[in-house]
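Engineer: Below: one structure in C-alpha cells.
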Amino acid sequence: MSAATATASALPEFRAAGTDLSERRRSGLSRGPIVDLAATPGTIGVSWAADGSARIGAFTTIAMIAADRRIAAAYPGVAAAAQGLATPQIRHLATLGGNLAQRSRCWYFRNPQIDCLKKGGSDCPARSGNHLYHAAFDLGPCVAPHPSTMAMALLAYDATVTTDQRSRLTLADLLGDGTNGTADHLLAPGERIEAIDLPAPLASERAAYKRAISRTYAEWPLVEVCARTVLTGGTFRQVRIAAGGIAPVPLRLTACEAALEGKPADVENIAQAAQLATSGARPLPMTGYKLALLVGLVRDVVEQIAE
Amino acid sequence: MNTMTINGRVETLPDDPDALLIDVVRDQLDLTGTKLSCGGGVCGACTVLVDGAPVTSCLMPAHAAAGKSVTTVEGIGAQGLHPVQKAFMAHDALQCGFCTPGFVVEAVAFCDRWRAANGTMVPSREEIGAALSGHLCRCGAYDGIFRAVADACAGRFDGDNFASPRVEARDKVTGAAKYTVDIRHDGQLEGVILRSGEAHARITALDLAPARALGDVAAVSLLSDDRIVRYVGEPIAAVAAKDRRSALAALAAIRLTSERLPAVIGLDLARRDDAPVVFDRANRKKAGNVSEAAGGPAPWKQNIRGPTSVFAKRARKARNWVNEARQANNRLLVEGTFRTGTQQHACLEPHAAVARFDGDRLTVHASSQWVFHLKEQIAKRFKLDHDKVRVIADHVGGGFGSKSSLGMETIAAIELARAANAPVRVAYDRHEELSVAGYRPAAEVKVSLLPSDQGELKALSVIAHADTGAATNSMIAGLARLIYPAEAKELRDFDVISNLPPGAAFRGPGGPPMAFAVEQAIDEAALRLQLDPIALRKRWDPDPNRQRLYDWASGLEVWRNRNAVQTGRYRRGVGVATGYWLYLWQPKVKVEVAVKAGRIVASTATQDIGTGTRSVLAETVARAFDIEASEVEVRIGDSALPEGPGSGGSRVTASVLPPTLNAIAKLKAAILDQATRKPAPGSNAPWRELIARSPDIAVTETRGEDGTNTAPGIRSPLKELGLLGIIFGWMMRRSSNIAIGAGVPSSVQVIEVEVDTWLGHVRVLNVHTGIAVGRIAAPQLAHSQACGAVIQGLGYALYEAREVDPRGGNVLTAGMEDYRIPGIADTPEIDVHFDEAGFDHVLGNSVGIGEAATVPTSPAVANAIFNAIGVRLTEIPIRPDRIVAALNKRAVA
C-alpha cells in the first residue's frame with residue numbers, strides 16, 4: 001500500500017560522517033549501496049595561501065570550522081554559521097562536504113511512504129499539501145528550502161567548490177538556480193567534493209549570521225541570513241547578503257545589497273533596504289510569514305555589521 | 001577486522017556498513033545505558049564520547065569508531081561517580097531518566113573541559129544551555145540540570161557528601177536502570193508492525209505466507225473483524241524475526257491488496273455534511289478514548305459525536321442572555337474562537353513491550369503507566385487466568401497519559417510471542433511514536449462570557465470541537481463548570497472524528513485547551529471592566545485554594561510592576577492564568593508495609609514513570625520510622641504486588657499515601673507487640689533497632705474513604721453538580737475505578753515574556769507557579785514535577801504542533817526535528833510556590849500535582865503576549881508565523 005520509492009534509492013550513495021544518510025537508512029528512504037568516503041591528507045583542515053585566501057578540506061568538520069580562530073577572524077560569517085547549525089554532537093561529526101551535499105529536510109521527502117519529485121515522483125506533494133516550513137521564493141517545481149546553512153554562508157563569501165572532476169564551481173554551479181526539483185545538488189554521479197576555496201577577505205570587512213527559529217537552538221532555520229560589508233567612513237561598501245530557508249537554493253539578496261551600497265550605515269537606511277529583501281519573492285499560501293521574518297532578519301543582521 | 005576501545009576494553013566492530021555505533025553499543029555489547037530514542041540525532045539520548053567528544057551514536061556509522069576510544073555512560077561512573085552524576089542526583093536533575101545518560105555524558109564532557117579551562121568558575125545559564133542544546137528531556141528536568149551542571153563545574157560535588165531525593169537516581173545517572181526497551185531474554189525476537197499507508201481502506205487480501213517463508217519468522221494478522229483501516233498507520237499485521245532488519249524484510253514480503261475508501265482529514269472537513277463517514281453505526285465501538293475515564297452516552301451523527309453537556313447549568317438561559325447581549329452590542333460581552341494544536345506525548349522511551357510465555361504463564365515487560373490494570377486487560381483479551389499474567393515495569397521512560405491502557409505494542413508482542421513460541425520485543429520507532437501512539441487532540445473552542453451590570457459573572461458559553469481522529473470522549477467545555485460559577489452556563493463538547501490516528505489521554509485531558517480559551521476571555525473581561533485580572537479572578541472564583549493563590553500572585557513583584565503595551569522591537573509583558581484538575585483517587589488500592597529479613601519493605605503494584613512514586617513511598621515510610629529513605633525497600637512496577645493505582649489522573653500520591661500511613665501505624669503496633677527486647681532508653685534510632693530485630697511481619701491496608709471534615713468551602717465538586725454529579729461520580733467509580741474527592745487541586749501562574757517583533761520570537765523570561773495540592777510529600781520531586789509541568793506547558797503554548805498532510809492523512813511531524821519540544825535553553829527561571837493547605841480531610845493531606853500544574857501555562861503565556869503587544873493570540877502554538885500574522889493584523893487595524 002505504500003508508495004514505491006525504490007527507484008531513486010537504488011543508486012549508490014556517498015557517505016562522509018553519515019549524519020544525514022544514517023537517518024535515511026534507518027527510515028528505509030535510502031536502500032542502495034553505500035560508498036564510504038575516506039578522508040585523504042589535505043581534505044581535513046584549513047590551509048591558507050599567501051594572499052590570505054583559505055582552502056577548507058571537504059572532510060573538515062563543522063565543529064572544526066566553528067572553533068577555528070583564523071576562520072573566525074577572516075570569515076566571521078562562515079564561523080558563525082558553523083556555530084549556529086544543528087547541535088554540538090552533530091557539528092562534531094558532520095563535514096563541510098557532507099553539509100553541502102546533504103539531502104532535503106522536507107517532511108514529504110523524508111517520509112518513505114510518500115512520493116515526490118526528489119524520489120522519482122511526478123509532482124511536489126508539499127506544494128499542494130502542508131508547506132508550513134517551505135519556500136517563500138517559489139523558483140521551481142520542488143518547494144523545499146535548501147538545507148545547507150554552510151552553502152548559504154559560503155555564497156555570501158563568493159566561495160568556490162572543487163570536486164574530483166571539476167574545480168572552482170560557484171555555489172550556483174553546485175546547487176543550481178532552484179529550477180531543478182529532482183536533486184539537492186548538481187554533482188554528477190560519482191563526483192565528490194574535495195575542497196572549498198574562500199577568496200581573501202577584504203580589508204577590515206565584517207560579517208554576521210543569524211537564523212530565525214521558534215526555539216533557541218537546534219532547529220532548521222525558518223529564515224537565515226549572512227551579511228558582509230566593509231564600512232568606509234560610516235558608509236556601506238562591498239555589501240553581500242545571502243539568505244537561506246526561503247528558496248530551493250540559497251539566495252543572494254541583490255536588491256538589498258544595491259540599496260545599501262554607498263549609503264551611510266544608519267538604521268533608517270538599513271530599515272529601508274531590508275524591505276527590498278523580498279524582491280522577487282513568491283510565497284506559497286502558508287509561507288508568507290517568512291517574508292516578514294526575512295525583512296526583520298536582514299535588518300537585524302545588517303544592523304549588527306553596521307555597529 | 002576493525003576494533004574500537006570501549007570503556008577501556010577492545011571490542012570488534014561489525015563489517016556491516018549499515019551498522020551504527022549505537023547498534024554495537026546496545027545490541028552487541030549490551031551497554032543499554034545508551035538509549036535509542038529519536039533515531040535522528042535530535043534528542044541526544046544516544047550520546048557517547050568518541051575520543052572524548054560527545055557524538056550521537058544513533059547516526060555514527062560503527063566503522064567510523066575504528067581505532068577510537070568510546071566511552072558510554074557505564075564507563076563514566078565506573079571508577080566512582082563523576083561530580084556531574086552526583087550533582088544530577090542531588091539536584092534531582094532527572095525524572096523518568098530515559099534522557100539522563102545522554103545528558104550526563106554531554107555534561108561530563110562539558111564540565112571536564114570547562115574546569116580544565118576555567119577552574120571552578122561557574123558557567124552561566126547561557127553557556128550551559130548552549131552546551132546541552134543537543135539534548136531533549138520530555139519530563140522537563142532542565143531546571144535541575146542547570147543547577148547540577150553549574151554546581152559540578154564549581155567543584156561542589158567533588159566530595160561524596162551528598163544525598164539524592166530520588167531513590168533510584170543512582171541507577172538513572174549510571175545507565176544501570178533497565179527500561180522495557182532494554183530487556184533481552186535468551187532467544188528473544190524483534191517484532192515490527194505493518195501499518196496502513198492509506199487513511200481509509202478495506203483490506204481485501206492479506207497474505208502472510210511469503211513473510212513466513214523467509215524462515216524463522218512469525219507473522220500474525222492484526223486486522224479487526226471489518227478489515228477496514230481508518231487512518232494512516234493503523235496496524236494490519238505484525239512479524240517477528242531475529243533482528244529488526246530481518247523483521248522489516250519479512251514485513252516487506254507480506255502481500256497486501258486493498259480497496260481505497262473515501263477519507264476525510266481533520267476538524268474542518270470532517271464536520272461537513274458531505275464528509276465520508278469514518279465509523280458507521282456498527283463499528284463505533286472501535287473508536288479510541290481521549291480521556292482518563294470511560295465516557296457516557298452521547299448523540300453521534302456522521303463524524304460528530306456530541307454534544308455532551310452534562311455539566312451545563314441553565315444552558316438555554318445562558319444562550320439567550322448571550323444572544324441578547326450580542327444584539328444589544330453589550331460591550332462587556334467577551335466572545336472569541338480559540339484554536340489549540342495537537343500535542344504529542346513524545347515520550348523519549350517509546351511504547352514498548354516484551355512478551356514471554358513460560359508454559360501457560362505470560363510475563364510482559366511493558367512501558368506502562370498502569371501495570372495492574374494492564375495485567376487485567378491482557379488476561380481479559382487473551383482469555384488467560386489473571387494469576388498467570390504478570391506485567392513488569394521497573395522504569396518507564398515517560399508516559400504523560402499515552403501508556404495508560406493495553407496498546408498495540410503489547411498486543412503484537414503477545415500475539416507474536418505465542419506464534420513464535422519465543423520471547424518477542426516490540427518497540428515503536430520514532431515515526432510510530434509521533435504518529436500512532438496518541439496525542440492531545442487539537443480543538444476549536446468558542447467562548448462567550450457575559451458579566452452582569454454589577455460586574456458579576458452572569459453567563460458563560462463554551463462550545464468545543466475536538467479533533468479526536470479515530471477516537472471519541474473529549475471533554476473540554478465541560479471542565480469550565482468547576483471554575484468561575486455563573487448564573488448560567490452553556491457547555492457543549494463535540495468529538496470530530498476523522499481519518500487520523502486516535503487521540504489519547506494527555507496530562508489533564510481537556511484542561512489546557514479549556515483554560516487557553518476561558519482564561520483569555522477572563523483576561524479580556526478584566527480589561528473591559530477595568531479591573532486587575534487577578535482581582536477579577538479573585539472576585540469570580542471563590543474556590544478557597546485558589547483564593548490563597550490569588551493573594552500570593554497579586555503580591556508578586558513582576559505582577560505589580562507590569563507595564564502597559566509597549567512599542568519598539570522587543571516588548572515585554574506579564575500574564576496570569578488559573579488552572580485546576582480534579583482530585584482523583586483510586587479505590588481498592590492496597591499497600592503492603594512489611595518487615596522482611598530485618599528491613600522495611602513497602603509494596604504496591606504501581607509504577608514510577610518519572611513522577612517520583614518510589615521516592616514518595618520511601619520517604620513516607622522512612623519519616624514514620626525515623627530512618628533514611630535508602631533503608632526502605634520499595635517494590636513497585638510489578639502487577640503481582642497488591643493492587644496499585646495507575647500513574648494517571650494525578651491519583652498516585654492520594655491513592656497510596658493513606659493506606660501506607662495506615663499500614664505503617666499497624667505495623668508499628670505489631671512490631672512493638674512482638675518485640676522481645678525494647679530499644680535502649682534514649683536510643684536515637686529506636687525503630688531501626690526494632691526493625692532489625694523484628695520477625696517478618698506484613699500489613700496490607702486498602703485505601704479507605706476520605707474524612708468528611710473538610711475546611712470551609714472545600715467540598716466535592718460533584719455536589720455542585722447536583723443529582724447529575726452524583727450519577728457521574730458513581731459511573732466514574734463503577735466503570736473506571738476512579739473516585740472524585742473533595743477539594744480542587746489548583747495552580748495559578750504568572751508569566752513574563754519578551755516578544756521580538758522583528759523575528760516573531762517569544763522568549764519566556766520567568767514563570768511563577770503557585771500550586772495548591774495539599775501537603776508536599778517529597779518537596780524536591782514535587783518541585784521537579786512543577787517545573788516539568790510548566791516546561792511542557794510552554795511547549796504546548798509556543799512550539800508543539802502535529803502537522804498532517806491534508807489529503808493523505810500522513811503525520812508529517814513524525815521526527816523530533818519537526819515535532820518541536822522545548823530544549824534546555826528555552827527554559828525560563830521558574831519560581832515554585834507551594835500552598836500546602838486545603839486537603840486536611842485526606843489522610844496524609846496530599847493530592848497529586850502532575851496535571852493541575854500544567855493547565856494554566858498556555859493562557860498565561862497568551863495573556864502575557866497580549867500585555868506586551870496588544871494583540872490576542874487565539875491560536876497555539878504561538879510560533880513566529882502567528883506572531884507575524886498578529887502584528888500584521890494590528891498594523892492593519
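Quick note on naming: the chains in the C-alpha cells go A, B, ... in the order shown, residues restart at 1 in each chain, and ligands are numbered from 1 in order of appearance.
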Identify, with DSSP run on backbone atoms, the residues in stretch 195-369 of chain B assigned to strand (DSSP E), and express the list as JSON, numbers by chain.

Structural biologist: {"B": [195, 201, 202, 203, 204, 205, 206, 207, 218, 219, 220, 221, 228, 229, 235, 236, 237, 238, 239, 240, 241, 255, 256, 257, 258, 259, 260, 288, 289, 300, 301, 304, 305, 306, 307, 308, 334, 335, 336, 337, 338, 339, 340, 343, 344, 352, 353, 354, 355, 356, 357, 358, 361, 362, 363, 364, 365, 366]}

Engineer: Within 6 Å of chain B, which residues belong to chain A? Use only C-alpha atoms and report them as number ranges by chain.

Structural biologist: A: 1-2, 19, 22-23, 87, 89, 107, 129-130, 214, 216, 289, 293, 296

Engineer: Mind writing the picked residues with N, CA and C atoms as a tab-separated table (two decimals), in the first residue's frame?

Structural biologist:
chain	number	residue	atom	x	y	z
A	1	MET	N	0.82	-1.20	0.00
A	1	MET	CA	0.00	0.00	0.00
A	1	MET	C	0.86	1.26	0.00
A	2	SER	N	2.08	1.13	0.39
A	2	SER	CA	2.89	2.34	0.45
A	2	SER	C	3.40	2.68	-0.94
A	19	THR	N	25.73	11.77	9.07
A	19	THR	CA	24.71	12.35	9.94
A	19	THR	C	23.38	12.54	9.22
A	22	SER	N	22.50	8.29	7.68
A	22	SER	CA	22.09	7.27	8.66
A	22	SER	C	20.60	7.35	8.96
A	23	GLU	N	20.11	8.56	9.03
A	23	GLU	CA	18.68	8.72	9.33
A	23	GLU	C	17.84	8.21	8.17
A	87	THR	N	23.40	20.60	16.16
A	87	THR	CA	23.67	20.50	17.60
A	87	THR	C	25.17	20.26	17.78
A	89	GLN	N	26.77	17.81	19.09
A	89	GLN	CA	27.19	16.45	18.74
A	89	GLN	C	27.23	16.23	17.23
A	107	TRP	N	9.57	17.36	4.90
A	107	TRP	CA	8.91	16.25	5.61
A	107	TRP	C	8.16	15.32	4.68
A	129	GLY	N	0.15	20.51	-0.55
A	129	GLY	CA	-0.17	19.98	0.78
A	129	GLY	C	0.23	20.95	1.88
A	130	ASN	N	0.93	20.44	2.88
A	130	ASN	CA	1.30	21.25	4.04
A	130	ASN	C	2.75	21.70	3.86
A	214	SER	N	11.92	29.09	16.12
A	214	SER	CA	10.93	29.32	17.18
A	214	SER	C	11.53	29.08	18.55
A	216	THR	N	15.34	28.29	20.88
A	216	THR	CA	16.61	29.00	21.00
A	216	THR	C	17.69	28.35	20.13
A	289	TYR	N	4.59	34.34	5.93
A	289	TYR	CA	5.22	34.85	7.16
A	289	TYR	C	6.74	34.92	7.03
A	293	LEU	N	9.71	37.70	8.34
A	293	LEU	CA	10.90	37.29	9.10
A	293	LEU	C	12.16	37.68	8.35
A	296	GLY	N	12.85	41.32	8.78
A	296	GLY	CA	13.33	41.56	10.16
A	296	GLY	C	14.75	41.05	10.36

Engineer: Please provide as number ranges by chain all residues within 9 Å of A:Ile65, with the sequence filter that same-chain residues fewer than 2 positions apart are discarded (counting only C-alpha atoms).

Structural biologist: A: 45-46, 56, 60-63, 67-69, 71-72, 78-79, 82-83, 96

Engineer: Could you save the residues just selected, with C-alpha atoms, as a JSON list (two decimals), in the first residue's frame?

Structural biologist:
[["chain", "number", "residue", "atom", "x", "y", "z"],
["A", 45, "GLY", "CA", 41.56, 21.22, 7.91],
["A", 46, "VAL", "CA", 42.19, 24.69, 6.58],
["A", 56, "ILE", "CA", 38.86, 24.21, 3.61],
["A", 60, "THR", "CA", 36.80, 19.34, 7.84],
["A", 61, "THR", "CA", 34.09, 19.04, 10.45],
["A", 62, "ILE", "CA", 31.62, 21.80, 11.16],
["A", 63, "ALA", "CA", 32.92, 21.93, 14.74],
["A", 67, "ALA", "CA", 36.26, 26.70, 16.53],
["A", 68, "ASP", "CA", 38.94, 27.90, 14.08],
["A", 69, "ARG", "CA", 40.18, 31.31, 15.23],
["A", 71, "ILE", "CA", 38.41, 31.44, 10.12],
["A", 72, "ALA", "CA", 36.55, 33.49, 12.71],
["A", 78, "VAL", "CA", 31.28, 31.33, 7.96],
["A", 79, "ALA", "CA", 32.33, 30.74, 11.55],
["A", 82, "ALA", "CA", 29.03, 26.79, 11.58],
["A", 83, "GLN", "CA", 28.39, 27.62, 15.23],
["A", 96, "LEU", "CA", 31.66, 20.59, 5.30]]

Engineer: Report, in Å with one decimal, the straight-line distance from atom CA of B:Pro14 to atom CA of B:Ile76.

Structural biologist: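 One can read the atom CA of B:Pro14 to atom CA of B:Ile76 distance as 24.2 Å.
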
Engineer: Counting only C-alpha atoms, what is within 12 Å of B:Lys172, bar same-chain residues fewer than 2 positions away, as a VMD selection string?

Structural biologist: chain B and resid 32 to 35 73 to 74 77 85 to 86 88 to 89 92 to 104 164 166 to 170 174 to 179 394 to 397 610

Engineer: Could you dump the residues just selected with N, CA and C atoms as a compact mmCIF listing (two decimals), in the first residue's frame?

Structural biologist:
# COMPACT_ATOMS: atom_id res chain seq x y z
N THR B 32 23.22 -0.96 27.75
CA THR B 32 21.91 -0.38 27.46
C THR B 32 21.68 0.97 28.12
N GLY B 33 22.70 1.47 28.81
CA GLY B 33 22.57 2.83 29.34
C GLY B 33 22.42 3.86 28.22
N THR B 34 23.05 3.61 27.11
CA THR B 34 22.90 4.46 25.93
C THR B 34 21.54 4.17 25.31
N LYS B 35 20.73 5.22 25.14
CA LYS B 35 19.35 4.99 24.71
C LYS B 35 19.12 5.40 23.27
N VAL B 73 27.92 5.88 29.12
CA VAL B 73 27.59 6.29 30.49
C VAL B 73 28.08 5.27 31.50
N GLU B 74 28.10 4.00 31.11
CA GLU B 74 28.59 2.97 32.04
C GLU B 74 30.07 3.17 32.35
N GLY B 77 30.76 6.23 35.08
CA GLY B 77 30.59 6.02 36.52
C GLY B 77 31.46 4.89 37.08
N GLN B 85 27.48 13.37 37.84
CA GLN B 85 26.47 12.37 38.24
C GLN B 85 25.95 12.64 39.64
N LYS B 86 26.86 12.99 40.53
CA LYS B 86 26.43 13.29 41.91
C LYS B 86 25.53 14.52 41.94
N PHE B 88 23.66 15.66 39.48
CA PHE B 88 22.35 15.30 38.92
C PHE B 88 21.49 14.62 39.98
N MET B 89 22.11 13.74 40.76
CA MET B 89 21.35 13.05 41.81
C MET B 89 20.88 14.03 42.88
N ASP B 92 18.20 16.55 41.73
CA ASP B 92 17.06 15.92 41.09
C ASP B 92 16.92 16.40 39.63
N ALA B 93 18.04 16.31 38.91
CA ALA B 93 18.08 16.80 37.53
C ALA B 93 17.58 15.73 36.56
N LEU B 94 16.57 14.99 36.96
CA LEU B 94 16.05 13.92 36.12
C LEU B 94 14.68 13.53 36.65
N GLN B 95 13.88 12.98 35.77
CA GLN B 95 12.60 12.43 36.22
C GLN B 95 12.49 10.99 35.72
N CYS B 96 11.94 10.81 34.51
CA CYS B 96 11.82 9.41 34.07
C CYS B 96 13.19 8.79 33.85
N GLY B 97 14.19 9.60 33.54
CA GLY B 97 15.57 9.12 33.47
C GLY B 97 16.00 8.60 32.12
N PHE B 98 15.12 8.60 31.14
CA PHE B 98 15.48 7.99 29.86
C PHE B 98 16.49 8.85 29.09
N CYS B 99 16.37 10.16 29.22
CA CYS B 99 17.32 11.06 28.55
C CYS B 99 18.58 11.24 29.38
N THR B 100 18.54 10.82 30.63
CA THR B 100 19.59 11.17 31.59
C THR B 100 20.99 10.68 31.18
N PRO B 101 21.17 9.45 30.72
CA PRO B 101 22.53 9.04 30.33
C PRO B 101 23.14 9.96 29.29
N GLY B 102 22.35 10.37 28.31
CA GLY B 102 22.85 11.27 27.27
C GLY B 102 23.25 12.62 27.86
N PHE B 103 22.39 13.16 28.71
CA PHE B 103 22.71 14.42 29.36
C PHE B 103 23.97 14.30 30.21
N VAL B 104 24.07 13.20 30.93
CA VAL B 104 25.22 13.01 31.82
C VAL B 104 26.51 12.97 31.00
N SER B 164 20.53 12.19 47.57
CA SER B 164 19.58 12.35 46.46
C SER B 164 18.16 12.17 46.97
N ARG B 166 15.75 11.30 45.15
CA ARG B 166 15.06 10.30 44.32
C ARG B 166 15.77 8.97 44.53
N VAL B 167 15.08 7.98 45.01
CA VAL B 167 15.76 6.78 45.49
C VAL B 167 16.44 5.99 44.38
N GLU B 168 15.93 6.08 43.14
CA GLU B 168 16.56 5.31 42.06
C GLU B 168 17.50 6.16 41.22
N ALA B 169 17.85 7.35 41.72
CA ALA B 169 18.63 8.30 40.90
C ALA B 169 19.97 7.72 40.48
N ARG B 170 20.63 6.97 41.38
CA ARG B 170 21.94 6.43 41.04
C ARG B 170 21.84 5.52 39.81
N THR B 174 23.78 6.40 36.10
CA THR B 174 24.87 5.49 35.69
C THR B 174 24.47 4.62 34.50
N GLY B 175 23.21 4.70 34.10
CA GLY B 175 22.76 3.86 32.99
C GLY B 175 22.37 2.47 33.42
N ALA B 176 22.36 2.20 34.73
CA ALA B 176 22.03 0.86 35.20
C ALA B 176 20.53 0.58 35.15
N ALA B 177 19.71 1.64 35.19
CA ALA B 177 18.26 1.45 35.22
C ALA B 177 17.80 0.79 33.92
N LYS B 178 17.07 -0.31 34.06
CA LYS B 178 16.59 -1.05 32.88
C LYS B 178 15.15 -0.64 32.57
N TYR B 179 14.95 -0.22 31.36
CA TYR B 179 13.62 0.11 30.86
C TYR B 179 13.14 -1.06 30.00
N ASP B 394 9.92 -1.85 35.61
CA ASP B 394 10.83 -1.32 36.64
C ASP B 394 11.01 0.19 36.48
N HIS B 395 11.30 0.59 35.26
CA HIS B 395 11.44 2.01 34.96
C HIS B 395 10.68 2.30 33.68
N VAL B 396 10.04 3.46 33.64
CA VAL B 396 9.22 3.82 32.49
C VAL B 396 9.67 5.18 31.99
N GLY B 397 10.07 5.23 30.73
CA GLY B 397 10.63 6.46 30.17
C GLY B 397 9.59 7.45 29.69
N GLY B 610 8.53 8.52 36.37
CA GLY B 610 9.33 9.73 36.48
C GLY B 610 8.73 10.72 37.45

Engineer: Work out how far apart atom CA of B:Glu720 and atom CA of B:Arg546 are and give it in Å to one decimal.

Structural biologist: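 Between atom CA of B:Glu720 and atom CA of B:Arg546 the gap works out to 17.0 Å.
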
Engineer: A:Ala207, A:Val298, A:Val249, A:Met152: which is nearest A:Ala183, counting only C-alpha atoms?

Structural biologist: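 Of A:Ala207, A:Val298, A:Val249, A:Met152, the one nearest A:Ala183 is A:Val249, counting only C-alpha atoms.
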